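Enquirer: First the structure, then my questions, so here it is.
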Amino acid sequence: MDTRPVVVAVDGSEHSLKALEWAIPAALRLSADLVIAHVLPDSTQLWMARRSAFGPGPELTDPVTDRIRTALSGRDGLPSVRYDSLEGEVPDALHALGAEARMLVMGSRGRGGFASLLLGSNSLAMATRALCPVVVVPPLARTGEGVRTAGRVVLGLNLDDTVDDVIEFAFDQAAARGVPLQVISAYPAPPPAGLLVAGEFPPSTMNPDDYGSVERDARSEQAERLRPFEERFARVEVDAVAVAADAAGHLVDASASAALIVVGRHRRRLRPGSLLMGSVAHAVLHHAQCPVAVVPVRAAD
């Protein structure tokens with residue numbers, strides 16, 4: 001049994017309280033404890049935490065925790081909740097806490113973020129370096145128990161890069177929510193015929209009819225990758241889709257009606273310590289309308 005908690009970072013901003021709203025039912029669905037992490041401002045120490053049962057106490061009197069109490073009050077059901085007051089730089093403090101978490105939930109921006117940015121630097125940093133899956137909740141995302149039936153889980157399955165850790169996370173989330181899982185894989189598409197005639201693309205040795213076989217091969221490989229998970233998660237309804245190119249665009253479009261988008265971080269392609277990630281994950285994080293889970297490769301960490 002997985003006893004790791006769901007961790008949510010809260011700094012009192014509306015974005016972080018939206019993340020808290022999402023994390024509460026997420027923890028309940030997984031029968032996990034919920035750890036509410038608040039990184040104290042203007043700290044000079046890299047990492048220090050004091051942990052206590054969530055409740056009235058002299059250490060829980062700042063405005064942030066008042067807003068947290070308000071968000072938790074009046075609910076019919078709550079998971080077991082703890083409060084962690086952390087000191088240090090936000091990415092360092094959350095990285096240490098996330099090492100022992102089932103997932104880390106964050107708002108798209110924190111209190112110190114620029115209003116013009118769709119994704120704050122701390123959320124991006126954690127999505128690129130955390131040792132656990134990171135869920136980034138945009139401001140317009142649906143939250144609360146309604147998420148259970150609000151939409152499907154969507155997995156971006158890159159047939160060359162996505163590892164089993166990412167697929168398992170997506171199936172697990174769909175099973176916990178009781179919703180279908182849509183799997184989107186992209187395959188190379190031929191350039192438009194008009195542009196070929198105009199000389200915009202170099203001549204191709206591939207016959208246009210061969211692109212049909214590319215799609216069939218993609219669907220076949222997709223089915224092969226999903227088969228063991230469909231056997232393990234027999235109750236999850238799977239809708240496997242193969243699309244021509246632009247994986248990020250298809251995933252962003254799907255986010256308009258989805259409850260969660262799941263993508264892999266693809267760290268195995270990058271040098272150790274790199275703060276970069278795959279272009280698809282980066283684009284989806286910046287433009288998706290629903291929460292996005294970025295799942296690391298456990299073996300690589």
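We name chains A, B, ... following the order of the structure tokens; residues begin at 1 in each chain, and ligands are numbered from 1 as shown.
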Write out as a PyMOL selection string each polymer residue whose atoms come within 8 Å of A:Val137, counting only C-alpha atoms; drop sequence neighbours fewer than 5 positions from it.
Expert: chain A and resi 15+18-19+22+105-108+290-292
Enquirer: How would the residues just chosen look if you wrote them out with C-alpha atoms as a JSON list (two decimals), in the first residue's frame?
Expert:
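The resulting result_30.json:
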```
[["chain", "number", "residue", "atom", "x", "y", "z"],
["A", 15, "HIS", "CA", -3.68, 30.38, -7.49],
["A", 18, "LYS", "CA", -7.14, 26.78, -6.26],
["A", 19, "ALA", "CA", -4.46, 24.10, -6.01],
["A", 22, "TRP", "CA", -7.96, 20.39, -6.29],
["A", 105, "VAL", "CA", 0.18, 20.05, -6.38],
["A", 106, "MET", "CA", 0.83, 23.71, -7.20],
["A", 107, "GLY", "CA", -1.02, 26.68, -8.59],
["A", 108, "SER", "CA", 0.13, 28.05, -11.92],
["A", 290, "CYS", "CA", -7.24, 21.90, -16.95],
["A", 291, "PRO", "CA", -4.67, 20.63, -14.41],
["A", 292, "VAL", "CA", -1.54, 19.09, -15.92]]
```
Enquirer: Mind checking which residues fall within 9 Å of A:Leu34, counting only C-alpha atoms, ignoring those fewer than 3 positions away in the same chain, and posting them as JSON, numbers by chain?
Expert: {"A": [5, 6, 7, 8, 23, 24, 27, 28, 78, 79, 80, 81, 82, 83]}
Enquirer: Store the residues picked out above in a file with N, CA, C and O atoms, as a short mmCIF file (atom, residue, chain, number, x, y, z; two decimals), in the first residue's frame.
Expert:
```cif
data_model
loop_
_atom_site.label_atom_id
_atom_site.label_comp_id
_atom_site.auth_asym_id
_atom_site.auth_seq_id
_atom_site.Cartn_x
_atom_site.Cartn_y
_atom_site.Cartn_z
N PRO A 5 2.16 10.85 1.08
CA PRO A 5 1.09 11.85 1.07
C PRO A 5 1.00 12.60 -0.25
O PRO A 5 1.93 12.57 -1.07
N VAL A 6 -0.12 13.26 -0.43
CA VAL A 6 -0.26 14.28 -1.46
C VAL A 6 0.16 15.60 -0.83
O VAL A 6 -0.32 15.96 0.25
N VAL A 7 1.07 16.31 -1.48
CA VAL A 7 1.57 17.59 -0.95
C VAL A 7 1.04 18.72 -1.83
O VAL A 7 1.08 18.63 -3.06
N VAL A 8 0.53 19.77 -1.20
CA VAL A 8 0.07 20.94 -1.95
C VAL A 8 0.79 22.17 -1.40
O VAL A 8 0.88 22.37 -0.19
N ALA A 23 -6.42 19.56 -4.60
CA ALA A 23 -5.67 18.52 -3.88
C ALA A 23 -6.52 17.78 -2.86
O ALA A 23 -6.26 16.60 -2.58
N ILE A 24 -7.52 18.42 -2.28
CA ILE A 24 -8.32 17.78 -1.24
C ILE A 24 -9.03 16.53 -1.77
O ILE A 24 -8.85 15.43 -1.22
N ALA A 27 -6.49 13.72 -2.72
CA ALA A 27 -6.00 12.91 -1.61
C ALA A 27 -7.05 11.93 -1.13
O ALA A 27 -6.75 10.78 -0.80
N LEU A 28 -8.31 12.38 -1.09
CA LEU A 28 -9.39 11.49 -0.66
C LEU A 28 -9.53 10.30 -1.60
O LEU A 28 -9.70 9.16 -1.15
N LEU A 78 -12.75 15.37 4.87
CA LEU A 78 -11.39 15.80 4.60
C LEU A 78 -10.46 14.61 4.79
O LEU A 78 -10.71 13.74 5.63
N PRO A 79 -9.36 14.58 4.05
CA PRO A 79 -8.34 13.58 4.35
C PRO A 79 -7.63 13.96 5.65
O PRO A 79 -7.88 15.02 6.22
N SER A 80 -6.77 13.10 6.13
CA SER A 80 -5.92 13.45 7.25
C SER A 80 -4.97 14.56 6.80
O SER A 80 -4.26 14.41 5.80
N VAL A 81 -4.98 15.70 7.49
CA VAL A 81 -4.26 16.89 7.03
C VAL A 81 -3.13 17.24 7.99
O VAL A 81 -3.31 17.23 9.21
N ARG A 82 -1.98 17.55 7.43
CA ARG A 82 -0.85 18.08 8.19
C ARG A 82 -0.41 19.39 7.56
O ARG A 82 -0.63 19.62 6.37
N TYR A 83 0.24 20.20 8.35
CA TYR A 83 0.72 21.49 7.87
C TYR A 83 2.23 21.52 8.03
O TYR A 83 2.76 21.25 9.11
#
```
Enquirer: Have a look at atom CA of A:Ile167 and atom CA of A:Thr128 and let me know their distance in Å, one decimal.
Expert: 18.2 Å
Enquirer: Would you pick out the contacts of stretch 63-77 of chain A at 9 Å or less, using only C-alpha atoms, so that residues sharing its chain but fewer than 4 positions from it are not included, and give the list as a VMD selection string?
Expert: chain A and resid 10 to 13 17 20 to 21 24 28 36 38 55
Enquirer: Tell me, in Å to one decimal, how far atom CA of A:Val214 is from atom CA of A:His287.
Expert: 28.5 Å
Enquirer: As a compact mmCIF listing (two decimals) with all heavy atoms, in the first residue's frame, please: the residues near A:Ser257 (cut-off 8 Å, only C-alpha atoms, same-chain neighbours under 2 positions excluded).
Expert:
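Final output, result_0.txt:
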```
# COMPACT_ATOMS: atom_id res chain seq x y z
N ALA A 150 -16.27 15.36 -14.01
CA ALA A 150 -16.21 16.54 -14.86
C ALA A 150 -15.52 16.27 -16.19
O ALA A 150 -15.66 17.06 -17.12
CB ALA A 150 -15.48 17.68 -14.14
N GLY A 151 -14.80 15.21 -16.32
CA GLY A 151 -14.12 14.94 -17.57
C GLY A 151 -13.17 13.77 -17.45
O GLY A 151 -12.89 13.26 -16.36
N ARG A 152 -12.65 13.38 -18.58
CA ARG A 152 -11.76 12.22 -18.62
C ARG A 152 -10.32 12.62 -18.26
O ARG A 152 -9.99 13.81 -18.22
CB ARG A 152 -11.77 11.62 -20.02
CG ARG A 152 -11.23 12.56 -21.09
CD ARG A 152 -11.71 12.19 -22.47
NE ARG A 152 -11.14 13.07 -23.50
CZ ARG A 152 -11.52 14.31 -23.73
NH1 ARG A 152 -12.46 14.85 -22.97
NH2 ARG A 152 -10.97 15.02 -24.70
N ALA A 254 -7.67 19.09 -26.06
CA ALA A 254 -8.36 18.12 -25.20
C ALA A 254 -8.56 18.65 -23.80
O ALA A 254 -9.51 18.27 -23.10
CB ALA A 254 -7.58 16.81 -25.15
N SER A 255 -7.69 19.56 -23.36
CA SER A 255 -7.77 20.08 -21.99
C SER A 255 -9.03 20.89 -21.74
O SER A 255 -9.43 21.09 -20.59
CB SER A 255 -6.54 20.95 -21.68
OG SER A 255 -6.61 22.21 -22.36
N ALA A 259 -10.41 16.44 -17.26
CA ALA A 259 -10.19 16.70 -15.85
C ALA A 259 -8.71 16.78 -15.53
O ALA A 259 -8.31 17.47 -14.59
CB ALA A 259 -10.82 15.59 -15.00
N CYS A 290 -6.98 22.75 -18.11
CA CYS A 290 -7.24 21.90 -16.95
C CYS A 290 -5.91 21.59 -16.26
O CYS A 290 -4.85 21.90 -16.80
CB CYS A 290 -7.94 20.61 -17.38
SG CYS A 290 -6.87 19.45 -18.25
```
Enquirer: Rounded to one decimal, what separation in Å do you get between atom CA of A:Val90 and atom CA of A:Ala293?
Expert: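 About the pair atom CA of A:Val90 and atom CA of A:Ala293: they are 19.2 Å apart.
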Enquirer: Between A:Ala281, A:Val262, A:Ala186, A:Ala218, which is the closest to A:Ala244 once you count only C-alpha atoms?
Expert: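 When distances to A:Ala244 are compared using only C-alpha atoms, the smallest one comes from A:Ala186.
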Enquirer: Within stretch 125-193 of chain A, find each residue whose DSSP state, derived from the backbone, is alpha helix (DSSP H), and express the selection as a PyMOL selection string.
Expert: chain A and resi 125-129+147-150+164-177+193
Enquirer: I want to know what sits within 12 Å of A:Asp253, based on only C-alpha atoms, with residues of the same chain fewer than 6 positions away left out; could you give that as number ranges by chain?
Expert: A: 154, 184, 246-247, 261, 283-284, 287-290
Enquirer: Only N, CA, C and O atoms, please: the residues just picked out, written as an mmCIF file, in the first residue's frame.
Expert:
```cif
data_model
loop_
_atom_site.group_PDB
_atom_site.id
_atom_site.type_symbol
_atom_site.label_atom_id
_atom_site.label_comp_id
_atom_site.auth_asym_id
_atom_site.auth_seq_id
_atom_site.Cartn_x
_atom_site.Cartn_y
_atom_site.Cartn_z
ATOM 1 N N VAL A 154 -6.540 12.475 -19.725
ATOM 2 C CA VAL A 154 -5.932 12.397 -21.054
ATOM 3 C C VAL A 154 -4.429 12.191 -20.897
ATOM 4 O O VAL A 154 -3.762 12.945 -20.184
ATOM 5 N N ILE A 184 -3.538 9.926 -26.377
ATOM 6 C CA ILE A 184 -3.257 10.610 -27.638
ATOM 7 C C ILE A 184 -1.791 10.411 -27.996
ATOM 8 O O ILE A 184 -0.897 10.757 -27.212
ATOM 9 N N ASP A 246 1.787 17.579 -34.214
ATOM 10 C CA ASP A 246 1.310 18.576 -33.250
ATOM 11 C C ASP A 246 0.686 17.948 -32.016
ATOM 12 O O ASP A 246 -0.475 18.216 -31.679
ATOM 13 N N ALA A 247 1.457 17.137 -31.310
ATOM 14 C CA ALA A 247 0.942 16.502 -30.096
ATOM 15 C C ALA A 247 0.499 17.532 -29.074
ATOM 16 O O ALA A 247 -0.549 17.388 -28.431
ATOM 17 N N ILE A 261 -4.626 16.353 -17.644
ATOM 18 C CA ILE A 261 -3.716 15.963 -18.718
ATOM 19 C C ILE A 261 -2.458 15.390 -18.074
ATOM 20 O O ILE A 261 -1.921 15.976 -17.138
ATOM 21 N N ALA A 283 4.819 23.114 -23.527
ATOM 22 C CA ALA A 283 3.710 23.820 -24.173
ATOM 23 C C ALA A 283 2.387 23.554 -23.463
ATOM 24 O O ALA A 283 1.581 24.470 -23.267
ATOM 25 N N VAL A 284 2.154 22.310 -23.076
ATOM 26 C CA VAL A 284 0.894 21.971 -22.418
ATOM 27 C C VAL A 284 0.803 22.667 -21.060
ATOM 28 O O VAL A 284 -0.266 23.175 -20.678
ATOM 29 N N HIS A 287 -0.370 26.269 -21.628
ATOM 30 C CA HIS A 287 -1.597 26.599 -22.345
ATOM 31 C C HIS A 287 -2.813 25.749 -21.995
ATOM 32 O O HIS A 287 -3.913 26.064 -22.444
ATOM 33 N N ALA A 288 -2.662 24.694 -21.227
ATOM 34 C CA ALA A 288 -3.800 23.820 -20.918
ATOM 35 C C ALA A 288 -4.818 24.540 -20.046
ATOM 36 O O ALA A 288 -4.479 25.375 -19.206
ATOM 37 N N GLN A 289 -6.087 24.181 -20.246
ATOM 38 C CA GLN A 289 -7.167 24.773 -19.463
ATOM 39 C C GLN A 289 -7.524 23.952 -18.232
ATOM 40 O O GLN A 289 -8.336 24.394 -17.407
ATOM 41 N N CYS A 290 -6.976 22.754 -18.107
ATOM 42 C CA CYS A 290 -7.241 21.904 -16.954
ATOM 43 C C CYS A 290 -5.912 21.592 -16.262
ATOM 44 O O CYS A 290 -4.845 21.903 -16.799
#
```
Enquirer: Let me make sure I understand: among A:Asp239, A:Asp164, A:Asp84, A:Glu89, which one has the smallest atom-to-atom distance to A:Arg219 if we use only C-alpha atoms?
Expert: A:Asp239
Enquirer: Closest to A:His250 among A:Ala175, A:Leu94, A:Val183, A:Leu159, using only C-alpha atoms?
Expert: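 Of all the options, A:Val183 lies closest to A:His250.
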